[in-house]
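Enquirer: Next up, data_29.cif (mmCIF, C-alpha atoms).
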```cif
data_query
#
loop_
_atom_site.label_atom_id
_atom_site.label_comp_id
_atom_site.auth_asym_id
_atom_site.auth_seq_id
_atom_site.Cartn_x
_atom_site.Cartn_y
_atom_site.Cartn_z
CA MET A 1 29.01 134.14 139.43
CA THR A 2 31.53 131.95 141.25
CA ASP A 3 31.97 128.22 140.68
CA LEU A 4 30.62 127.61 144.17
CA ALA A 5 27.45 129.50 143.35
CA ARG A 6 26.94 127.42 140.21
CA ASN A 7 27.16 124.02 141.86
CA THR A 8 24.08 121.84 142.00
CA TRP A 9 25.22 119.60 144.84
CA GLY A 10 25.39 120.38 148.54
CA ARG A 11 28.82 120.10 150.14
CA ASP A 12 27.60 117.46 152.58
CA GLN A 13 25.43 115.63 150.05
CA PRO A 14 27.20 112.34 149.26
CA ILE A 15 27.92 111.21 145.72
CA GLY A 16 27.12 107.52 145.75
CA VAL A 17 29.28 105.03 143.84
CA ALA A 18 28.51 101.43 142.85
CA VAL A 19 31.35 99.16 141.75
CA LEU A 20 30.56 96.23 139.47
CA GLY A 21 33.20 93.53 139.79
CA MET A 22 35.89 92.94 142.38
CA GLY A 23 38.75 91.29 140.58
CA ASN A 24 42.25 92.78 140.59
CA VAL A 25 41.10 96.18 139.35
CA GLY A 26 37.85 96.32 141.29
CA THR A 27 39.64 95.42 144.53
CA GLU A 28 42.06 98.30 144.05
CA VAL A 29 39.28 100.74 143.15
CA VAL A 30 37.44 99.88 146.37
CA ARG A 31 40.63 100.16 148.41
CA ILE A 32 41.44 103.63 147.06
CA LEU A 33 37.85 104.79 147.55
CA ARG A 34 37.95 103.78 151.20
CA ASP A 35 41.57 104.65 152.08
CA HIS A 36 41.55 108.09 150.43
CA SER A 37 37.99 109.21 151.10
CA GLU A 38 39.04 112.52 152.65
CA ASP A 39 41.37 113.38 149.76
CA LEU A 40 38.65 112.50 147.27
CA ARG A 41 36.16 114.66 149.14
CA SER A 42 38.54 117.62 148.93
CA ARG A 43 39.18 117.10 145.25
CA VAL A 44 35.52 116.68 144.33
CA GLY A 45 33.89 119.12 146.75
CA ALA A 46 31.51 116.57 148.28
CA PRO A 47 31.82 113.15 149.97
CA VAL A 48 32.31 110.22 147.57
CA VAL A 49 30.68 107.21 149.22
CA LEU A 50 30.84 103.55 148.24
CA ARG A 51 27.24 102.27 148.19
CA GLY A 52 27.91 98.69 147.20
CA VAL A 53 29.95 96.19 145.21
CA ALA A 54 28.46 93.58 142.88
CA VAL A 55 30.30 90.24 143.12
CA ARG A 56 29.67 86.66 142.05
CA ASN A 57 30.28 85.14 145.48
CA PRO A 58 29.71 87.37 148.49
CA ASP A 59 31.02 84.67 150.85
CA ASN A 60 34.63 85.20 149.78
CA ASP A 61 36.53 87.26 152.32
CA ARG A 62 37.17 90.63 150.73
CA GLY A 63 37.62 92.64 153.88
CA LEU A 64 34.38 94.54 153.31
CA PRO A 65 31.28 94.74 155.48
CA ALA A 66 28.67 92.23 154.33
CA HIS A 67 26.10 94.95 153.64
CA LEU A 68 28.30 96.39 150.87
CA LEU A 69 28.39 93.11 148.89
CA THR A 70 25.63 91.91 146.58
CA THR A 71 25.12 89.44 143.77
CA ASP A 72 22.30 91.55 142.31
CA ALA A 73 24.11 94.01 140.05
CA ASP A 74 20.88 95.21 138.45
CA ALA A 75 19.38 96.19 141.80
CA LEU A 76 22.60 97.94 142.83
CA VAL A 77 22.67 100.01 139.63
CA ALA A 78 19.01 100.95 140.11
CA ARG A 79 19.42 102.23 143.67
CA ASP A 80 18.38 105.86 144.17
CA ASP A 81 21.49 106.59 146.24
CA VAL A 82 23.86 105.53 143.43
CA ASP A 83 25.02 108.41 141.22
CA ILE A 84 28.06 106.88 139.49
CA VAL A 85 28.55 103.27 138.33
CA VAL A 86 32.07 101.86 137.93
CA GLU A 87 32.13 98.79 135.65
CA VAL A 88 35.23 96.57 135.92
CA ILE A 89 33.67 93.18 135.12
CA GLY A 90 34.88 92.94 131.51
CA GLY A 91 33.29 91.23 128.51
CA ILE A 92 30.16 92.22 126.63
CA ASP A 93 27.25 90.88 128.70
CA PRO A 94 26.09 91.66 131.34
CA PRO A 95 28.21 94.88 131.34
CA ARG A 96 26.44 96.24 128.26
CA ARG A 97 23.03 95.85 129.86
CA LEU A 98 24.14 97.26 133.20
CA ILE A 99 25.90 100.28 131.69
CA LEU A 100 22.90 101.11 129.51
CA ALA A 101 20.62 100.83 132.53
CA ALA A 102 22.82 103.24 134.46
CA LEU A 103 23.07 105.75 131.61
CA ASN A 104 19.33 105.58 130.89
CA ALA A 105 18.74 106.42 134.55
CA GLY A 106 20.95 109.51 134.19
CA LYS A 107 23.83 107.99 136.15
CA SER A 108 27.42 108.53 135.07
CA VAL A 109 29.52 105.50 134.12
CA VAL A 110 33.23 104.80 134.42
CA THR A 111 34.40 101.65 132.61
CA ALA A 112 37.65 99.89 131.74
CA ASN A 113 35.93 97.60 129.24
CA LYS A 114 37.78 97.88 125.91
CA ALA A 115 35.98 94.94 124.28
CA LEU A 116 32.60 96.53 124.92
CA LEU A 117 33.69 100.01 123.86
CA ALA A 118 35.32 98.75 120.66
CA ASP A 119 31.96 97.50 119.38
CA TYR A 120 29.31 99.51 121.24
CA THR A 121 30.70 102.99 121.87
CA GLY A 122 28.06 104.50 119.58
CA GLU A 123 25.19 102.91 121.48
CA LEU A 124 26.63 103.82 124.88
CA ALA A 125 27.54 107.37 123.84
CA ALA A 126 24.03 107.92 122.45
CA ALA A 127 22.51 106.79 125.75
CA ALA A 128 24.84 109.10 127.68
CA GLU A 129 23.93 112.06 125.46
CA ARG A 130 20.21 111.33 125.54
CA ASN A 131 20.18 111.23 129.34
CA ARG A 132 22.81 113.93 129.94
CA ALA A 133 25.06 111.47 131.73
CA ASP A 134 28.83 111.03 131.57
CA LEU A 135 30.70 108.08 130.01
CA TYR A 136 34.39 107.86 130.94
CA PHE A 137 36.83 105.14 129.81
CA GLU A 138 40.45 106.24 130.28
CA ALA A 139 41.41 102.84 131.73
CA ALA A 140 40.13 100.93 128.67
CA VAL A 141 43.12 101.62 126.43
CA ALA A 142 46.42 101.71 128.29
CA GLY A 143 45.86 101.17 132.00
CA ALA A 144 47.46 103.96 134.00
CA ILE A 145 48.73 105.77 130.91
CA PRO A 146 46.66 108.90 130.22
CA VAL A 147 46.01 108.85 126.48
CA VAL A 148 42.22 108.98 126.09
CA ARG A 149 41.78 112.36 127.79
CA PRO A 150 44.66 114.00 125.88
CA LEU A 151 43.05 112.90 122.59
CA ILE A 152 39.59 114.13 123.64
CA GLN A 153 40.63 117.36 125.40
CA SER A 154 44.28 118.39 125.15
CA LEU A 155 44.47 117.85 121.37
CA ALA A 156 40.88 118.91 120.63
CA GLY A 157 42.15 121.97 118.73
CA ASP A 158 44.81 120.08 116.77
CA ARG A 159 44.74 117.59 113.91
CA VAL A 160 46.01 114.13 114.82
CA ASN A 161 47.60 112.35 111.87
CA ARG A 162 48.91 109.15 113.44
CA VAL A 163 48.70 107.11 116.62
CA VAL A 164 51.01 104.13 117.04
CA GLY A 165 51.66 102.18 120.17
CA ILE A 166 52.39 99.09 122.18
CA VAL A 167 49.10 98.54 123.99
CA ASN A 168 49.32 94.95 125.21
CA GLY A 169 51.68 94.10 128.04
CA THR A 170 51.55 90.31 127.58
CA THR A 171 52.81 90.36 124.00
CA ASN A 172 55.39 93.02 124.78
CA PHE A 173 56.75 90.91 127.64
CA ILE A 174 56.99 87.86 125.37
CA LEU A 175 58.67 89.69 122.47
CA SER A 176 61.05 91.55 124.82
CA ALA A 177 62.07 88.26 126.46
CA MET A 178 62.59 86.59 123.07
CA ASP A 179 64.77 89.54 122.02
CA GLU A 180 66.84 89.48 125.21
CA THR A 181 67.27 85.71 125.67
CA GLY A 182 67.03 84.24 122.18
CA ALA A 183 64.34 81.79 123.39
CA ASP A 184 61.53 80.76 121.07
CA TYR A 185 57.88 81.80 121.37
CA GLU A 186 56.54 78.73 123.20
CA VAL A 187 59.25 78.83 125.89
CA THR A 188 58.71 82.53 126.51
CA LEU A 189 54.91 82.18 126.59
CA LYS A 190 55.24 79.53 129.31
CA GLU A 191 57.44 81.87 131.33
CA ALA A 192 54.96 84.73 130.87
CA THR A 193 52.18 82.44 132.13
CA ARG A 194 54.23 81.36 135.14
CA LEU A 195 54.90 84.97 136.09
CA GLY A 196 51.26 85.97 135.69
CA TYR A 197 51.74 88.15 132.61
CA ALA A 198 49.73 85.76 130.40
CA GLU A 199 46.30 84.25 131.05
CA ALA A 200 45.72 80.50 131.07
CA ASP A 201 44.10 81.08 127.67
CA PRO A 202 46.28 83.80 126.12
CA THR A 203 44.45 83.94 122.77
CA ALA A 204 42.99 87.44 123.20
CA ASP A 205 46.46 88.82 123.86
CA VAL A 206 48.80 86.84 121.62
CA GLU A 207 46.48 86.84 118.59
CA GLY A 208 46.00 90.61 118.80
CA TYR A 209 42.30 90.81 119.73
CA ASP A 210 42.96 92.89 122.85
CA ALA A 211 45.20 95.31 120.94
CA ALA A 212 42.68 95.54 118.09
CA ALA A 213 39.91 96.62 120.48
CA LYS A 214 42.17 99.31 121.89
CA ALA A 215 43.22 100.43 118.40
CA ALA A 216 39.55 100.86 117.45
CA ILE A 217 39.02 103.15 120.45
CA LEU A 218 42.16 105.18 119.73
CA ALA A 219 41.28 105.62 116.06
CA SER A 220 37.73 106.70 116.87
CA LEU A 221 39.02 109.39 119.21
CA ALA A 222 41.93 110.55 117.07
CA PHE A 223 40.06 110.86 113.78
CA HIS A 224 36.51 111.73 114.91
CA THR A 225 35.26 108.66 113.09
CA ARG A 226 33.48 105.65 114.54
CA VAL A 227 35.78 102.64 114.26
CA THR A 228 34.91 99.16 115.56
CA ALA A 229 37.09 96.14 116.23
CA ALA A 230 35.82 94.60 112.97
CA ASP A 231 37.44 97.49 111.06
CA VAL A 232 40.89 96.65 112.43
CA PHE A 233 43.24 94.42 110.44
CA ARG A 234 44.76 92.01 112.96
CA GLU A 235 47.68 89.59 113.16
CA GLY A 236 49.11 88.14 116.36
CA ILE A 237 52.60 87.09 117.47
CA SER A 238 52.18 83.30 117.71
CA LYS A 239 54.14 82.74 114.47
CA ILE A 240 57.09 84.93 115.47
CA SER A 241 60.24 82.81 115.81
CA ALA A 242 63.58 83.21 117.53
CA GLU A 243 65.03 83.45 114.01
CA ASP A 244 62.82 86.48 113.31
CA LEU A 245 64.28 88.23 116.36
CA GLU A 246 67.78 87.24 115.30
CA THR A 247 67.22 88.65 111.82
CA ALA A 248 65.73 91.82 113.32
CA SER A 249 68.82 92.24 115.48
CA ALA A 250 71.05 91.98 112.41
CA LEU A 251 69.09 94.92 110.95
CA ASN A 252 69.48 96.85 114.24
CA CYS A 253 65.77 96.35 114.87
CA THR A 254 63.52 94.53 117.29
CA VAL A 255 60.00 93.11 116.89
CA LYS A 256 56.96 94.71 118.55
CA LEU A 257 53.23 94.12 118.30
CA LEU A 258 52.03 97.52 117.14
CA ALA A 259 48.61 99.13 117.04
CA ILE A 260 48.75 101.63 114.17
CA CYS A 261 46.05 104.20 113.43
CA GLU A 262 46.72 106.76 110.71
CA ARG A 263 45.26 108.94 108.00
CA VAL A 264 45.99 107.66 104.48
CA ALA A 265 45.26 108.94 101.01
CA ALA A 266 41.96 108.59 99.18
CA GLY A 267 41.31 105.27 97.50
CA PRO A 268 42.40 104.24 93.99
CA GLY A 269 40.35 106.04 91.34
CA GLU A 270 38.83 108.43 93.88
CA PRO A 271 39.43 112.21 93.94
CA THR A 272 42.45 113.22 95.98
CA VAL A 273 42.03 115.29 99.12
CA ALA A 274 43.18 118.35 97.14
CA GLU A 275 40.40 117.62 94.63
CA GLY A 276 37.74 117.44 97.31
CA GLY A 277 37.97 113.72 98.00
CA LYS A 278 38.08 112.18 101.48
CA GLU A 279 41.19 110.84 103.07
CA ARG A 280 40.74 107.51 104.82
CA VAL A 281 41.63 105.89 108.12
CA SER A 282 43.87 102.84 108.33
CA VAL A 283 43.74 100.85 111.57
CA ARG A 284 45.83 97.73 111.98
CA VAL A 285 47.56 95.53 114.56
CA TYR A 286 50.48 93.29 113.69
CA PRO A 287 54.05 92.38 114.71
CA ALA A 288 56.56 94.60 112.96
CA LEU A 289 60.25 95.33 112.83
CA VAL A 290 61.02 98.54 114.69
CA PRO A 291 64.45 100.25 114.45
CA ARG A 292 66.34 100.32 117.75
CA LYS A 293 66.55 104.11 117.54
CA HIS A 294 62.75 104.45 117.57
CA PRO A 295 61.37 105.28 121.06
CA LEU A 296 58.96 102.32 120.98
CA ALA A 297 61.86 99.88 120.57
CA ALA A 298 63.03 100.70 124.11
CA VAL A 299 59.67 99.81 125.67
CA SER A 300 60.36 96.47 127.34
CA GLY A 301 58.67 93.99 129.63
CA ALA A 302 54.96 94.42 130.30
CA PHE A 303 55.05 98.20 129.81
CA ASN A 304 52.99 100.05 127.21
CA ALA A 305 53.60 103.21 125.22
CA VAL A 306 51.58 105.26 122.76
CA VAL A 307 53.02 107.81 120.33
CA VAL A 308 50.66 110.48 119.00
CA GLU A 309 51.67 112.59 116.01
CA ALA A 310 49.71 115.83 115.65
CA GLU A 311 50.01 118.57 113.06
CA ASN A 312 50.93 121.33 115.51
CA ALA A 313 51.90 119.57 118.73
CA GLY A 314 54.30 117.27 116.89
CA ARG A 315 55.21 113.89 118.37
CA LEU A 316 53.99 113.11 121.89
CA MET A 317 54.79 109.89 123.74
CA PHE A 318 52.83 108.41 126.64
CA TYR A 319 54.59 105.62 128.56
CA GLY A 320 53.88 103.55 131.65
CA GLN A 321 52.16 100.50 133.08
CA GLY A 322 49.38 99.45 130.74
CA ALA A 323 47.78 96.85 132.99
CA GLY A 324 47.64 95.61 136.55
CA GLY A 325 45.23 96.21 139.41
CA ALA A 326 46.66 99.36 140.97
CA PRO A 327 47.76 101.12 137.74
CA THR A 328 44.41 100.53 136.03
CA ALA A 329 42.55 101.54 139.19
CA SER A 330 44.47 104.83 139.12
CA ALA A 331 42.95 105.63 135.72
CA VAL A 332 39.49 104.52 136.90
CA LEU A 333 39.71 106.83 139.95
CA GLY A 334 40.82 109.71 137.74
CA ASP A 335 37.64 109.26 135.70
CA LEU A 336 35.59 108.83 138.84
CA VAL A 337 36.82 112.15 140.23
CA MET A 338 35.96 113.88 136.94
CA ALA A 339 32.47 112.36 136.92
CA ALA A 340 31.92 113.29 140.57
CA ARG A 341 33.06 116.87 139.97
CA ASN A 342 30.59 117.12 137.13
CA LYS A 343 27.85 115.93 139.47
CA PHE A 344 28.89 118.52 142.05
CA TYR A 345 29.20 121.48 139.68
CA GLY A 346 26.56 120.46 137.17
CA GLY A 347 28.98 119.99 134.27
CA ARG A 348 29.24 117.39 131.50
CA ALA A 349 32.05 115.36 130.00
CA PRO A 350 32.74 115.79 126.27
CA GLY A 351 30.49 113.52 124.22
CA GLU A 352 31.35 111.30 121.29
CA SER A 353 32.79 113.15 118.28
CA VAL A 354 32.31 111.36 114.96
CA TYR A 355 31.65 114.31 112.69
CA ALA A 356 34.45 113.44 110.21
CA GLU A 357 32.95 110.07 109.16
CA LEU A 358 36.11 109.09 107.32
CA PRO A 359 35.98 105.81 105.39
CA ILE A 360 38.10 102.88 106.58
CA ALA A 361 40.93 101.93 104.24
CA PRO A 362 41.22 98.20 103.51
CA ILE A 363 44.56 96.69 104.45
CA GLY A 364 45.33 96.07 100.78
CA ASP A 365 45.43 99.82 100.10
CA THR A 366 47.65 100.61 103.09
CA PRO A 367 51.26 101.60 102.33
CA THR A 368 53.92 99.78 104.32
CA ARG A 369 57.35 98.18 103.99
CA TYR A 370 58.17 94.48 104.01
CA HIS A 371 61.07 92.39 105.27
CA VAL A 372 61.06 89.04 103.39
CA ASN A 373 63.27 86.11 104.36
CA LEU A 374 63.69 83.53 101.53
CA GLN A 375 65.47 80.19 101.27
CA VAL A 376 66.70 79.93 97.67
CA ALA A 377 68.78 77.75 95.38
CA ASP A 378 72.32 79.11 95.18
CA ARG A 379 72.82 79.36 91.42
CA PRO A 380 73.35 82.15 88.90
CA GLY A 381 70.33 84.25 88.02
CA VAL A 382 68.28 83.56 91.18
CA LEU A 383 68.81 87.02 92.66
CA ALA A 384 67.88 88.67 89.37
CA ALA A 385 64.75 86.52 89.08
CA VAL A 386 63.66 87.37 92.62
CA ALA A 387 64.30 91.08 92.05
CA GLY A 388 62.34 90.86 88.80
CA GLU A 389 59.30 89.48 90.63
CA PHE A 390 59.32 92.46 92.98
CA ALA A 391 59.61 94.85 90.02
CA LYS A 392 56.78 93.09 88.16
CA HIS A 393 54.41 93.96 91.01
CA GLY A 394 55.62 97.54 91.35
CA VAL A 395 57.53 96.99 94.59
CA SER A 396 60.90 98.73 94.90
CA ILE A 397 63.68 96.96 96.81
CA SER A 398 65.57 98.98 99.43
CA THR A 399 68.21 96.39 100.38
CA VAL A 400 68.94 92.74 99.66
CA ARG A 401 71.41 90.50 101.47
CA GLN A 402 72.51 86.93 100.74
CA GLU A 403 73.56 84.63 103.54
CA GLY A 404 75.01 81.13 103.15
CA HIS A 405 75.68 79.05 100.05
CA GLY A 406 74.41 75.89 98.40
CA THR A 407 71.13 74.45 99.59
CA GLY A 408 71.16 76.75 102.65
CA ALA A 409 71.36 80.01 100.73
CA ARG A 410 69.11 82.72 102.11
CA LEU A 411 68.00 86.07 100.73
CA VAL A 412 66.84 88.83 103.04
CA VAL A 413 64.93 91.52 101.15
CA VAL A 414 63.73 94.85 102.58
CA THR A 415 61.38 96.90 100.41
CA HIS A 416 60.56 100.55 100.08
CA HIS A 417 56.97 101.63 100.82
CA ALA A 418 54.33 99.99 98.65
CA VAL A 419 50.67 99.18 99.09
CA GLU A 420 50.01 96.01 101.05
CA SER A 421 48.20 94.28 98.17
CA ALA A 422 51.22 94.64 95.88
CA LEU A 423 53.52 93.29 98.57
CA ALA A 424 51.19 90.36 99.28
CA ASP A 425 50.96 89.53 95.56
CA THR A 426 54.76 89.63 95.32
CA VAL A 427 55.17 87.19 98.22
CA ALA A 428 52.56 84.85 96.69
CA ALA A 429 54.43 84.91 93.36
CA LEU A 430 57.76 84.24 95.08
CA ALA A 431 56.28 81.17 96.75
CA GLU A 432 55.54 79.73 93.27
CA MET A 433 59.09 80.21 91.97
CA GLU A 434 61.04 77.01 91.39
CA SER A 435 64.24 78.60 92.72
CA VAL A 436 62.61 79.63 96.02
CA THR A 437 62.60 76.62 98.35
CA SER A 438 60.69 78.37 101.16
CA ILE A 439 59.63 81.75 102.52
CA THR A 440 60.84 81.65 106.10
CA SER A 441 59.15 84.81 107.31
CA VAL A 442 57.42 87.98 106.16
CA LEU A 443 57.40 90.94 108.52
CA ARG A 444 56.38 94.54 108.08
CA LEU A 445 58.83 97.32 108.88
CA GLU A 446 57.57 100.38 110.78
CA GLY A 447 59.11 103.43 112.38
CA THR A 448 61.53 104.37 109.62
CA GLU A 449 61.95 107.89 108.31
CA GLU A 450 61.27 106.80 104.72
#
```
Rewrite the coordinates I just gave you, this time as structure tokens.
Expert:
Amino acid sequence: MTDLARNTWGRDQPIGVAVLGMGNVGTEVVRILRDHSEDLRSRVGAPVVLRGVAVRNPDNDRGLPAHLLTTDADALVARDDVDIVVEVIGGIDPPRRLILAALNAGKSVVTANKALLADYTGELAAAAERNRADLYFEAAVAGAIPVVRPLIQSLAGDRVNRVVGIVNGTTNFILSAMDETGADYEVTLKEATRLGYAEADPTADVEGYDAAAKAAILASLAFHTRVTAADVFREGISKISAEDLETASALNCTVKLLAICERVAAGPGEPTVAEGGKERVSVRVYPALVPRKHPLAAVSGAFNAVVVEAENAGRLMFYGQGAGGAPTASAVLGDLVMAARNKFYGGRAPGESVYAELPIAPIGDTPTRYHVNLQVADRPGVLAAVAGEFAKHGVSISTVRQEGHGTGARLVVVTHHAVESALADTVAALAEMESVTSITSVLRLEGTEE
């Protein structure tokens, strides 16, 4: 039987689309739908028709016929001639309610809403499965960069061990500018705001909330385990100083806000994997030193990149524009075409896969490396005392460097891998030492071969 014989949709039967929200992304989605209607028809097999757009104020001039605009999103979703709902409003409510209504009516959904997915993927996926509808969300993680579908489909037969990436353009722009110009955080944040890279309230970006939501989605897909934003350890970049970037440069490194998702060993006192125990998943977001030779170090400006390490495929890197109206709309339209094809041929998108149910490792059990910058008294025995404190907590020192003399003496210590709790205890003990006048900064070191 041919594909054409299997389809459930007539070639001239339109596939109706409702768009919820017409901000930067929604505007571009509507433009592409209208400007490329013939191409989309050829790619799908049937006409893809915009039925309406839900907006807050229909009186604003959006270049659309008045009959396509509505303030009643619920009524638009419920229309019989709507087959696919595109949600680009953002936030939790009302998108959660509207998406559930669409899925419960058997309508496919395309969303770019990372905050909603990070906490409610299970609920949405269950509704999609129950009603044999599709839920697509490529645009929720890295804008135009295709990383969701490769994890769900291309690597479905492989074992993913690690996903690490730069998934927030605002913070990457700020850190890149600090690295290039030597300016401090506040100056660079103001410039990012002026250029439109940072929101008037940048908290979600600079404190790592946006990246944490995306990390939760990536970890869920990579490890077949449901991970929420609450499971992600998070630190932002607001305390990163120009001195941190200067120190990083001296180590031939730069500083990046990283989202890191990886498999780690079973917990203390538990059976090892070889003994039948379960490995765990570590998911974290924080600023870290990254060696200049690492591919993520070269990702500058507002660009994003995600590196996936799989057992058989090896290291794969996905790079491009992680935000913006047109780039994000490109990912939304890719999902829309897939959902429309499924309508035409009677297929289904892959559902949620959480069969592994791996436990989440607390940050204290996660192995990492530290870079510690100390102001110390310049007198005999201080270096030995500091080194002894590291040894007391089971943390091995990789390198130590002294800069300056007298009251301005500084020690820069880089450790080997140790569990986070041991490193944190070491730093706390150092802060109590009489010979340590201050701890200037503590940064993690990622991307090394060790």
Enquirer: Out of A:Ala46, A:Leu221, A:Val382, A:Val299, which residue has the shortest atom-to-atom distance to Arg159 in chain A when counting all atoms listed in the file?
Expert: A:Leu221
Enquirer: Would you write out, as JSON lines, a table of all residues in range 281-318 of chain A that have an atom no more than 9 Å from an atom of range 203-215 of chain A, listing for each the closest atom pair and the distance in Å to one decimal, considering all atoms listed in the file and ordering rows by chain and rising residue number?
Expert:
```
{"residue": "A:Val283", "atom": "CA", "partner": "A:Ala215", "partner_atom": "CA", "distance": 6.9}
{"residue": "A:Arg284", "atom": "CA", "partner": "A:Ala212", "partner_atom": "CA", "distance": 7.2}
{"residue": "A:Val285", "atom": "CA", "partner": "A:Ala212", "partner_atom": "CA", "distance": 6.0}
{"residue": "A:Tyr286", "atom": "CA", "partner": "A:Gly208", "partner_atom": "CA", "distance": 7.3}
```
Enquirer: If I take CA of Ala323 in chain A and CA of Pro202 in chain A, how far is one from the other in Å, to one decimal?
Expert: 14.8 Å
Enquirer: Might you pull out every residue within 10 Å of Pro146 in chain A, with only C-alpha atoms counted and same-chain residues fewer than 6 positions away left off, and present them as a list in words?
Expert: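 Result of the neighbour search: Glu138, Ala139, Val306, Phe318, Tyr319, Gly320, Gly322, Ala331 and Gly334 of chain A.
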Enquirer: Expand the PyMOL selection byres ((chain A and resi 254) around 8) into the explicit residue set it covers here, and present it as a list in words.
Expert: Asp179, Leu245, Ala248, Ser249, Asn252, Cys253, Val255, Lys256, Leu289, Val290, Pro291, Arg292 and Ala297 of chain A
Enquirer: Rounded to one decimal in Å, what is the spacing between CA of Gly52 in chain A and CA of Leu76 in chain A?
Expert: 6.9 Å
Enquirer: Which residue is closest to Ser154 in chain A? Choose from A:Ile84, A:Ala125, A:Val308, A:Ala112 and count all atoms listed in the file.
Expert: A:Val308
Enquirer: For Ala310 in chain A, please output as an mmCIF file with C-alpha atoms, in the coordinates of the input all residues within 10 Å (counting only C-alpha atoms; exclusion window: fewer than 3 positions along the same chain).
Expert:
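Result went into part09.cif, see below:
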```cif
data_model
loop_
_atom_site.group_PDB
_atom_site.id
_atom_site.type_symbol
_atom_site.label_atom_id
_atom_site.label_comp_id
_atom_site.auth_asym_id
_atom_site.auth_seq_id
_atom_site.Cartn_x
_atom_site.Cartn_y
_atom_site.Cartn_z
ATOM 1 C CA LEU A 155 44.470 117.850 121.370
ATOM 2 C CA ASP A 158 44.810 120.080 116.770
ATOM 3 C CA ARG A 159 44.740 117.590 113.910
ATOM 4 C CA VAL A 160 46.010 114.130 114.820
ATOM 5 C CA ASN A 161 47.600 112.350 111.870
ATOM 6 C CA ARG A 162 48.910 109.150 113.440
ATOM 7 C CA VAL A 163 48.700 107.110 116.620
ATOM 8 C CA ALA A 222 41.930 110.550 117.070
ATOM 9 C CA VAL A 307 53.020 107.810 120.330
ATOM 10 C CA ALA A 313 51.900 119.570 118.730
ATOM 11 C CA GLY A 314 54.300 117.270 116.890
ATOM 12 C CA ARG A 315 55.210 113.890 118.370
ATOM 13 C CA LEU A 316 53.990 113.110 121.890
#
```
Enquirer: Just give me the gap between CA of Glu403 in chain A and CA of His294 in chain A in Å, one decimal is fine.
Expert: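 Computing the Euclidean distance for CA of Glu403 in chain A and CA of His294 in chain A yields 26.6 Å.
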Enquirer: With distances taken over all atoms listed in the file, which of A:Ala75, A:Leu116, A:Val281, A:Ile363 is nearest to Ile92 in chain A?
Expert: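 Selected residue with least distance to Ile92 in chain A: A:Leu116.
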Enquirer: Restricting the calculation to only C-alpha atoms, which member of A:Asp59, A:Asp93, A:Glu420, A:Glu199 is positioned closest to Thr170 in chain A?
Expert: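 For Thr170 in chain A, the nearest of the given residues is A:Glu199.
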Enquirer: Using the chain letters and residue numbers of this document, give as a list in words the residues selected by the PyMOL selection byres ((chain A and resi 231) around 8).
Expert: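 Output of the PyMOL selection byres ((chain A and resi 231) around 8): Ala216, Val227, Thr228, Ala229, Ala230, Val232, Phe233, Val283 and Ile360 of chain A.
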Enquirer: I'd like the box whose edges run along x, y and z of the file and which contains every listed atom of range 381-391 of chain A, padded by 8 Å per side; could you state its centre and edge lengths in Å, one decimal, as JSON?
Expert:
```
{"center_x": 64.8, "center_y": 89.2, "center_z": 90.5, "size_x": 27.0, "size_y": 27.3, "size_z": 21.0}
```
Enquirer: Taking only C-alpha atoms into account, which of A:Asp184, A:Glu279, A:Glu87, A:Glu235 comes nearest Val29 in chain A?
Expert: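 Looking only at the distances to Val29 in chain A, the closest residue turns out to be A:Glu87.
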Enquirer: Given the choices A:Val264, A:Ala250, A:Leu445, A:Ala384, which gets closest to Pro287 in chain A if the distance is worked out from all atoms listed in the file?
Expert: A:Leu445
Enquirer: Apply the PyMOL selection byres ((chain A and resi 122) around 10) to the structure shown and report the selected residues as number ranges by chain.
Expert: A: 117-121, 123-128, 226-228, 352-354
Enquirer: Could you tell me, as number ranges by chain, which residues have any atom at most 12 Å from (33.1, 112.5, 141.4), counting all atoms listed in the file?
Expert: A: 9, 13-17, 33, 37, 39-50, 82-86, 107-110, 134, 136, 332-349
Enquirer: Need to verify the contact set: range 386-394 of chain A, 9 Å, all atoms listed in the file, exclusion of same-chain residues closer than 4 positions in sequence. Can you return it as a list in words?
Expert: Gly381, Val382, Thr415, Ala418, Ala422, Leu423, Asp425, Thr426, Val427, Ala429, Leu430, Met433, Ser435 and Val436 of chain A
Enquirer: Just give me the residues with any atom within 6 Å of (59.7, 85.5, 104.2), file coordinates, counting all atoms listed in the file, written as a PyMOL selection string.
Expert: chain A and resi 372-374+439-442
Enquirer: Give me a file of those residues, with C-alpha atoms, as a short mmCIF file (atom, residue, chain, number, x, y, z; two decimals), in the coordinates of the input.
Expert:
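What follows is the written file out-v1.cif:
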```
data_model
loop_
_atom_site.label_atom_id
_atom_site.label_comp_id
_atom_site.auth_asym_id
_atom_site.auth_seq_id
_atom_site.Cartn_x
_atom_site.Cartn_y
_atom_site.Cartn_z
CA VAL A 372 61.06 89.04 103.39
CA ASN A 373 63.27 86.11 104.36
CA LEU A 374 63.69 83.53 101.53
CA ILE A 439 59.63 81.75 102.52
CA THR A 440 60.84 81.65 106.10
CA SER A 441 59.15 84.81 107.31
CA VAL A 442 57.42 87.98 106.16
#
```
